[in-house]
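Visitor: Contents are TSV, C-alpha atoms and all ligand atoms; file name entry_0.tsv:
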```
chain	number	residue	atom	x	y	z
G	1	MET	CA	160.70	-98.84	2.95
G	2	TRP	CA	157.63	-96.91	1.75
G	3	PHE	CA	155.83	-97.69	-1.45
G	4	SER	CA	152.51	-97.02	-3.12
G	5	LEU	CA	150.66	-98.64	-6.00
G	6	ASP	CA	149.29	-95.21	-6.88
G	7	THR	CA	151.46	-93.63	-9.59
G	8	GLU	CA	149.98	-90.22	-8.73
G	9	VAL	CA	150.82	-90.55	-5.03
G	10	GLU	CA	152.00	-87.41	-3.22
G	11	PRO	CA	155.68	-87.31	-2.18
G	12	LEU	CA	156.36	-89.04	1.17
G	13	ALA	CA	157.89	-85.86	2.61
G	14	ASP	CA	154.60	-84.02	1.95
G	15	TYR	CA	152.57	-86.91	3.35
G	16	VAL	CA	154.46	-87.14	6.67
G	17	SER	CA	154.73	-83.35	6.76
G	18	ASP	CA	156.14	-82.09	10.11
G	19	LEU	CA	157.10	-85.58	11.25
G	20	ALA	CA	160.09	-85.79	8.88
G	21	GLY	CA	161.73	-83.02	10.90
G	22	HIS	CA	160.92	-84.86	14.13
G	23	PHE	CA	162.63	-88.05	12.95
G	24	GLU	CA	165.79	-86.55	11.41
G	25	PRO	CA	167.62	-85.83	14.74
G	26	TYR	CA	167.49	-89.55	15.61
G	27	HIS	CA	169.46	-90.49	12.49
G	28	PHE	CA	167.72	-93.76	11.74
G	29	GLU	CA	170.32	-94.30	9.00
G	30	ARG	CA	172.82	-95.04	11.80
G	31	MET	CA	170.57	-97.82	13.14
G	32	ALA	CA	170.74	-101.46	12.04
G	33	MET	CA	167.76	-103.77	11.84
G	34	THR	CA	168.13	-106.42	14.54
G	35	ARG	CA	164.73	-108.11	14.63
G	36	TRP	CA	161.99	-108.76	12.06
G	37	VAL	CA	158.95	-110.65	13.25
G	38	THR	CA	155.40	-110.88	11.93
G	39	ALA	CA	152.64	-112.20	14.18
G	40	GLU	CA	149.10	-113.05	13.19
G	41	TRP	CA	146.77	-111.54	15.77
G	42	ASN	CA	143.09	-112.11	16.51
G	43	CYS	CA	141.95	-108.52	16.10
G	44	ASN	CA	141.29	-106.02	13.36
G	45	TRP	CA	144.34	-103.97	12.36
G	46	LYS	CA	142.68	-100.76	13.63
G	47	ALA	CA	142.29	-102.25	17.11
G	48	ALA	CA	146.02	-103.01	17.06
G	49	VAL	CA	146.80	-99.40	16.09
G	50	ASP	CA	144.52	-98.20	18.90
G	51	ALA	CA	146.43	-100.31	21.42
G	52	PHE	CA	149.68	-98.49	20.63
G	53	ALA	CA	148.23	-94.98	20.51
G	54	GLU	CA	147.12	-94.53	24.11
G	55	ALA	CA	148.68	-95.16	27.50
G	56	TYR	CA	145.37	-95.33	29.40
G	57	HIS	CA	145.60	-99.13	29.41
G	58	THR	CA	149.11	-99.20	30.89
G	59	ALA	CA	148.12	-99.46	34.57
G	60	THR	CA	145.91	-102.51	34.02
G	61	THR	CA	147.54	-104.24	31.03
G	62	HIS	CA	151.18	-103.56	31.93
G	63	PRO	CA	151.21	-103.13	35.74
G	64	GLN	CA	154.97	-103.72	35.90
G	65	LEU	CA	155.60	-100.49	33.93
G	66	LYS	CA	154.57	-98.29	36.86
G	67	TRP	CA	158.13	-98.88	38.13
G	68	TYR	CA	159.58	-97.46	34.93
G	69	LEU	CA	157.47	-94.71	33.35
G	70	ASP	CA	154.97	-91.94	33.96
G	71	ASP	CA	151.70	-93.20	32.47
G	72	ILE	CA	149.67	-90.17	33.61
G	73	ASP	CA	151.44	-86.92	32.68
G	74	ILE	CA	151.68	-87.48	28.93
G	75	GLN	CA	151.98	-84.92	26.16
G	76	ILE	CA	149.75	-85.74	23.20
G	77	ASP	CA	150.03	-83.99	19.82
G	78	LEU	CA	147.83	-84.35	16.75
G	79	TYR	CA	149.17	-83.49	13.28
G	80	ASP	CA	146.89	-83.55	10.26
G	81	LYS	CA	146.51	-87.34	9.77
G	82	HIS	CA	149.23	-88.35	12.21
G	83	SER	CA	149.79	-88.11	15.96
G	84	ARG	CA	152.22	-88.76	18.78
G	85	TYR	CA	152.55	-88.99	22.53
G	86	LEU	CA	155.59	-88.44	24.69
G	87	ILE	CA	156.08	-90.69	27.70
G	88	ALA	CA	158.79	-90.02	30.27
G	89	PHE	CA	160.82	-93.17	30.94
G	90	GLY	CA	163.19	-93.67	33.86
G	91	LEU	CA	160.93	-92.65	36.73
G	92	LEU	CA	158.07	-93.99	38.82
G	93	SER	CA	154.45	-93.59	37.81
G	94	PRO	CA	152.57	-91.08	40.01
G	95	ARG	CA	150.48	-94.16	40.90
G	96	VAL	CA	153.40	-95.39	43.04
G	97	ASP	CA	153.35	-93.73	46.47
G	98	SER	CA	156.77	-94.54	47.79
G	99	VAL	CA	159.57	-96.93	47.16
G	100	GLY	CA	162.53	-98.13	49.20
G	101	GLU	CA	165.35	-99.32	47.01
G	102	ILE	CA	165.64	-98.73	43.27
G	103	PRO	CA	163.21	-101.05	41.43
G	104	PRO	CA	164.83	-103.55	39.01
G	105	PRO	CA	163.65	-101.85	35.75
G	106	LEU	CA	165.30	-98.58	36.81
G	107	LYS	CA	168.45	-100.42	37.88
G	108	PHE	CA	168.54	-101.88	34.40
G	109	LEU	CA	168.14	-98.42	32.86
G	110	LEU	CA	171.09	-97.15	34.92
G	111	SER	CA	173.39	-100.05	34.03
G	112	ASP	CA	172.32	-99.95	30.38
G	113	ALA	CA	173.41	-96.31	30.27
G	114	GLY	CA	176.76	-97.24	31.86
G	115	ILE	CA	176.03	-96.20	35.46
G	116	ASP	CA	176.60	-98.77	38.23
G	117	PRO	CA	173.27	-98.81	40.16
G	118	ALA	CA	175.21	-99.46	43.40
G	119	SER	CA	177.04	-96.15	42.92
G	120	TYR	CA	173.84	-94.13	42.40
G	121	GLU	CA	173.04	-92.16	45.54
G	122	GLY	CA	170.35	-89.76	44.31
G	123	PRO	CA	166.57	-90.08	44.68
G	124	VAL	CA	164.74	-92.71	42.64
G	125	ASN	CA	162.97	-90.01	40.64
G	126	GLY	CA	166.33	-88.42	39.85
G	127	ILE	CA	167.41	-91.45	37.80
G	128	ARG	CA	165.91	-90.16	34.56
G	129	GLU	CA	167.94	-86.93	34.73
G	130	ALA	CA	171.10	-88.77	35.85
G	131	VAL	CA	170.84	-91.08	32.84
G	132	GLN	CA	170.28	-88.14	30.48
G	133	LYS	CA	173.35	-86.31	31.86
G	134	HIS	CA	175.51	-89.43	31.73
G	135	LYS	CA	174.52	-90.25	28.14
G	136	ARG	CA	175.19	-86.66	27.11
G	137	ALA	CA	178.60	-86.63	28.87
G	138	THR	CA	179.79	-90.00	27.55
G	139	GLN	CA	178.34	-89.95	24.01
G	140	LYS	CA	181.74	-89.35	22.37
G	141	GLU	CA	183.48	-92.27	24.08
G	142	GLN	CA	180.45	-94.45	23.23
G	143	GLY	CA	180.76	-93.54	19.54
G	144	LYS	CA	177.34	-91.91	19.54
G	145	ASP	CA	176.23	-88.45	18.52
G	146	PHE	CA	173.17	-87.20	20.37
G	147	SER	CA	173.89	-83.54	19.59
G	148	GLU	CA	170.60	-83.06	17.72
G	149	LEU	CA	168.46	-84.65	20.46
G	150	HIS	CA	167.36	-82.76	23.54
G	151	ASP	CA	167.65	-84.26	27.02
G	152	ASP	CA	164.14	-85.77	27.21
G	153	GLN	CA	164.82	-87.73	24.03
G	154	LEU	CA	167.80	-89.45	25.69
G	155	THR	CA	165.44	-91.38	27.98
G	156	ASP	CA	161.84	-90.96	26.86
G	157	ASP	CA	159.54	-92.72	24.44
G	158	TYR	CA	158.33	-90.54	21.59
G	159	ASN	CA	155.59	-92.65	20.07
G	160	TYR	CA	154.39	-91.66	16.61
G	161	LEU	CA	151.54	-92.94	14.48
G	162	VAL	CA	152.15	-92.38	10.79
G	163	PHE	CA	148.66	-92.83	9.42
G	164	PRO	CA	147.28	-95.32	8.78
G	165	GLY	CA	149.26	-98.24	10.17
G	166	VAL	CA	152.84	-97.54	11.26
G	167	THR	CA	153.83	-96.73	14.83
G	168	PHE	CA	157.31	-95.56	15.77
G	169	ASN	CA	158.67	-95.89	19.31
G	170	THR	CA	161.63	-93.57	18.89
G	171	HIS	CA	164.46	-93.66	21.43
G	172	SER	CA	167.99	-92.27	21.30
G	173	ASP	CA	169.57	-95.73	21.00
G	174	ASP	CA	166.89	-97.70	19.19
G	175	LEU	CA	163.73	-97.60	17.14
G	176	MET	CA	160.87	-100.04	17.61
G	177	LEU	CA	158.76	-99.82	14.50
G	178	TYR	CA	155.44	-101.65	14.33
G	179	ARG	CA	153.30	-102.13	11.24
G	180	HIS	CA	149.64	-102.98	11.68
G	181	ARG	CA	148.43	-104.62	8.49
G	182	PRO	CA	144.96	-105.81	7.52
G	183	HIS	CA	144.63	-109.58	7.22
G	184	PRO	CA	144.12	-110.57	3.55
G	185	SER	CA	140.78	-112.32	4.16
G	186	ASP	CA	139.60	-111.97	7.77
G	187	PRO	CA	138.69	-108.57	9.31
G	188	ASN	CA	138.89	-110.15	12.77
G	189	LYS	CA	142.61	-110.75	12.30
G	190	CYS	CA	145.63	-108.66	11.40
G	191	LEU	CA	149.32	-108.97	10.72
G	192	PHE	CA	151.52	-107.26	13.28
G	193	ASP	CA	155.12	-106.60	12.19
G	194	VAL	CA	157.89	-105.81	14.66
G	195	TRP	CA	160.97	-104.16	13.16
G	196	MET	CA	163.69	-103.44	15.73
G	197	PHE	CA	166.57	-101.12	14.90
G	198	GLU	CA	169.58	-100.37	17.11
G	199	LEU	CA	172.02	-97.47	16.96
G	200	ILE	CA	175.43	-98.77	15.88
G	201	PRO	CA	178.30	-96.86	17.53
G	202	GLU	CA	180.69	-95.23	15.09
G	203	GLY	CA	183.36	-97.62	13.82
G	204	GLU	CA	181.51	-100.71	15.00
G	205	GLU	CA	180.66	-103.46	12.54
G	206	TRP	CA	177.00	-103.74	11.50
G	207	PRO	CA	175.24	-107.02	12.26
G	208	GLU	CA	173.78	-109.18	9.51
G	209	LEU	CA	170.14	-108.58	8.63
G	210	PRO	CA	167.86	-110.74	10.77
G	211	LYS	CA	165.83	-113.51	9.16
G	212	HIS	CA	162.08	-112.97	8.94
G	213	ASP	CA	160.29	-114.83	11.71
G	214	PHE	CA	156.56	-115.53	11.15
G	215	ARG	CA	154.35	-116.39	14.13
G	216	PRO	CA	151.05	-117.86	12.91
G	217	GLU	CA	147.89	-117.57	14.98
G	218	GLY	CA	148.21	-119.68	18.13
G	219	SER	CA	152.00	-119.35	18.35
G	220	THR	CA	153.04	-119.29	22.01
G	221	ARG	CA	156.49	-117.85	21.36
G	222	SER	CA	156.97	-114.56	23.19
G	223	LEU	CA	157.31	-111.20	21.45
G	224	GLY	CA	158.46	-109.71	24.77
G	225	LEU	CA	156.34	-109.25	27.89
G	226	VAL	CA	154.78	-105.87	27.01
G	227	ILE	CA	153.71	-106.87	23.48
G	228	ASP	CA	152.47	-110.25	24.76
G	229	GLN	CA	150.28	-108.42	27.27
G	230	ASP	CA	148.84	-106.21	24.51
G	231	ALA	CA	148.22	-109.23	22.24
G	232	ALA	CA	146.42	-111.11	25.03
G	233	ASN	CA	144.20	-108.08	25.57
G	234	LEU	CA	143.38	-107.55	21.91
G	235	SER	CA	141.66	-110.87	21.21
G	236	SER	CA	139.13	-110.11	23.96
G	237	VAL	CA	138.77	-106.50	22.75
G	238	GLN	CA	137.89	-107.85	19.29
G	239	ALA	CA	135.45	-110.42	20.73
G	240	GLY	CA	133.82	-107.63	22.73
G	241	MET	CA	133.42	-105.41	19.66
G	242	ASN	CA	131.69	-108.30	17.86
G	243	SER	CA	129.18	-108.73	20.67
G	244	SER	CA	125.59	-107.72	19.91
G	245	ALA	CA	125.64	-106.00	23.32
G	246	TYR	CA	128.42	-103.63	22.19
G	247	PRO	CA	127.01	-100.17	21.37
G	248	GLY	CA	130.34	-98.46	20.59
G	249	LEU	CA	132.55	-96.82	23.17
G	250	TRP	CA	133.34	-93.55	24.86
G	251	LEU	CA	136.93	-92.45	24.34
G	252	SER	CA	138.51	-90.35	27.06
G	253	GLU	CA	140.82	-87.37	26.65
G	254	GLN	CA	143.73	-89.75	27.24
G	255	GLU	CA	142.62	-91.59	24.10
G	256	ILE	CA	142.34	-88.54	21.87
G	257	ARG	CA	144.81	-90.04	19.37
G	258	LEU	CA	142.27	-92.83	18.77
G	259	ARG	CA	139.52	-90.32	18.08
G	260	HIS	CA	141.83	-88.54	15.66
G	261	PHE	CA	142.79	-91.83	13.95
G	262	HIS	CA	139.19	-92.97	13.44
G	263	LYS	CA	138.08	-89.49	12.33
G	264	THR	CA	140.85	-89.51	9.72
G	265	ILE	CA	139.73	-92.93	8.46
G	266	THR	CA	136.14	-91.69	8.21
G	267	GLU	CA	137.28	-88.66	6.24
G	268	PHE	CA	139.12	-90.90	3.76
G	269	ILE	CA	136.14	-93.23	3.38
G	270	GLU	CA	133.51	-90.51	3.12
G	271	GLY	CA	135.73	-88.08	1.20
B	1	FE	FE	150.16	-101.75	25.66
```
Output the file's structure in the form of structure tokens.
Ligand SMILES: [Fe+2]

Guide:
Amino acid sequence: MWFSLDTEVEPLADYVSDLAGHFEPYHFERMAMTRWVTAEWNCNWKAAVDAFAEAYHTATTHPQLKWYLDDIDIQIDLYDKHSRYLIAFGLLSPRVDSVGEIPPPLKFLLSDAGIDPASYEGPVNGIREAVQKHKRATQKEQGKDFSELHDDQLTDDYNYLVFPGVTFNTHSDDLMLYRHRPHPSDPNKCLFDVWMFELIPEGEEWPELPKHDFRPEGSTRSLGLVIDQDAANLSSVQAGMNSSAYPGLWLSEQEIRLRHFHKTITEFIEG
């Protein structure tokens, strides 16, 4: 999965440092690849990395997610060249004042975990904990072993950036891995790879490897609503950065992973 053309390259375990220990409890080796897509996007690869390393854009780019996750109270950690943020899934954003019945995305989370939403009688913001408890209690009968994960990891999104261009959305039951690759000839474009992996319950047969699906520039086939929203945003971000009226930008505390990413790139370039 990882390679280098540099024969003197440092060992991967040294390069990823602390992150190896973060990934081990998920047991990626028990996950099968279920989707492999490459899309050609109209932005530089670094702008694509930026888009997956902050949640500040969630409220405006992905308004539907306020019914599913907390986009405000986010833990951000910086590690040497790498970084992560932890986003609680399975609850309402603090931007949502009140809600009557359970919103559809949270109903889906309940049923996906094996809980009938009609039988759930707790508060809407108790769904995250109910799902965690249920997954913990039923893991054996589901052929899954979550014993090395703590409760938050049973619902939440732990999003890692392995510098320079790989982002991991780690979840207890799946891994969404994105690669952000430079375009071979055009700095205003990049290649965005989606690799989906799903946890295969013990004893279950593994699916066949998916065929590679390439989406050239202009393809209108969906990559899923959330990624489509990011892609739509990124072509205008790139156009804006190419404008002579663009002086650079201020990055907020919520975007500190971007500052860290670009500082690391500068350190590599300038030595
Ligand atoms: Fe996004």

Visitor: Around ligand FE 1 (chain B), which protein and nucleic acid residues have at least one atom no more than 9 Å from it, if we count all atoms listed in the file? List them as a PyMOL selection string.

Guide: chain G and resi 51-58+61-62+226-231+233

Visitor: At what distance in Å, to one decimal, does CA of Asp112 in chain G lie from CA of Glu24 in chain G?

Guide: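 Computed distance, CA of Glu24 in chain G to CA of Asp112 in chain G, equals 24.1 Å.
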
Visitor: Which of these, G:Ile200, G:Ala13, G:Ile87, G:Leu149, has the shortest distance to Leu65 in chain G once you count all atoms listed in the file?

Guide: G:Ile87

Visitor: So which one's closest to His260 in chain G, G:Lys133, G:Arg128, G:His183, G:His82? Using all atoms listed in the file, please.

Guide: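 Smallest separation from His260 in chain G among the options: G:His82.
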
Visitor: Could you please determine the separation between CA of Leu78 in chain G and CA of Arg257 in chain G in Å, to one decimal place?

Guide: 7.0 Å

Visitor: So which residues touch range 150-157 of chain G within 7 Å, counting all atoms listed in the file, skipping near sequence neighbours fewer than 5 positions away, as a tab-separated table (two decimals) with C-alpha atoms, keeping the file's coordinate frame?

Guide:
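What follows is the written file result_10.tsv:
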```
chain	number	residue	atom	x	y	z
G	86	LEU	CA	155.59	-88.44	24.69
G	87	ILE	CA	156.08	-90.69	27.70
G	88	ALA	CA	158.79	-90.02	30.27
G	89	PHE	CA	160.82	-93.17	30.94
G	90	GLY	CA	163.19	-93.67	33.86
G	128	ARG	CA	165.91	-90.16	34.56
G	132	GLN	CA	170.28	-88.14	30.48
G	169	ASN	CA	158.67	-95.89	19.31
G	170	THR	CA	161.63	-93.57	18.89
G	171	HIS	CA	164.46	-93.66	21.43
G	172	SER	CA	167.99	-92.27	21.30
```
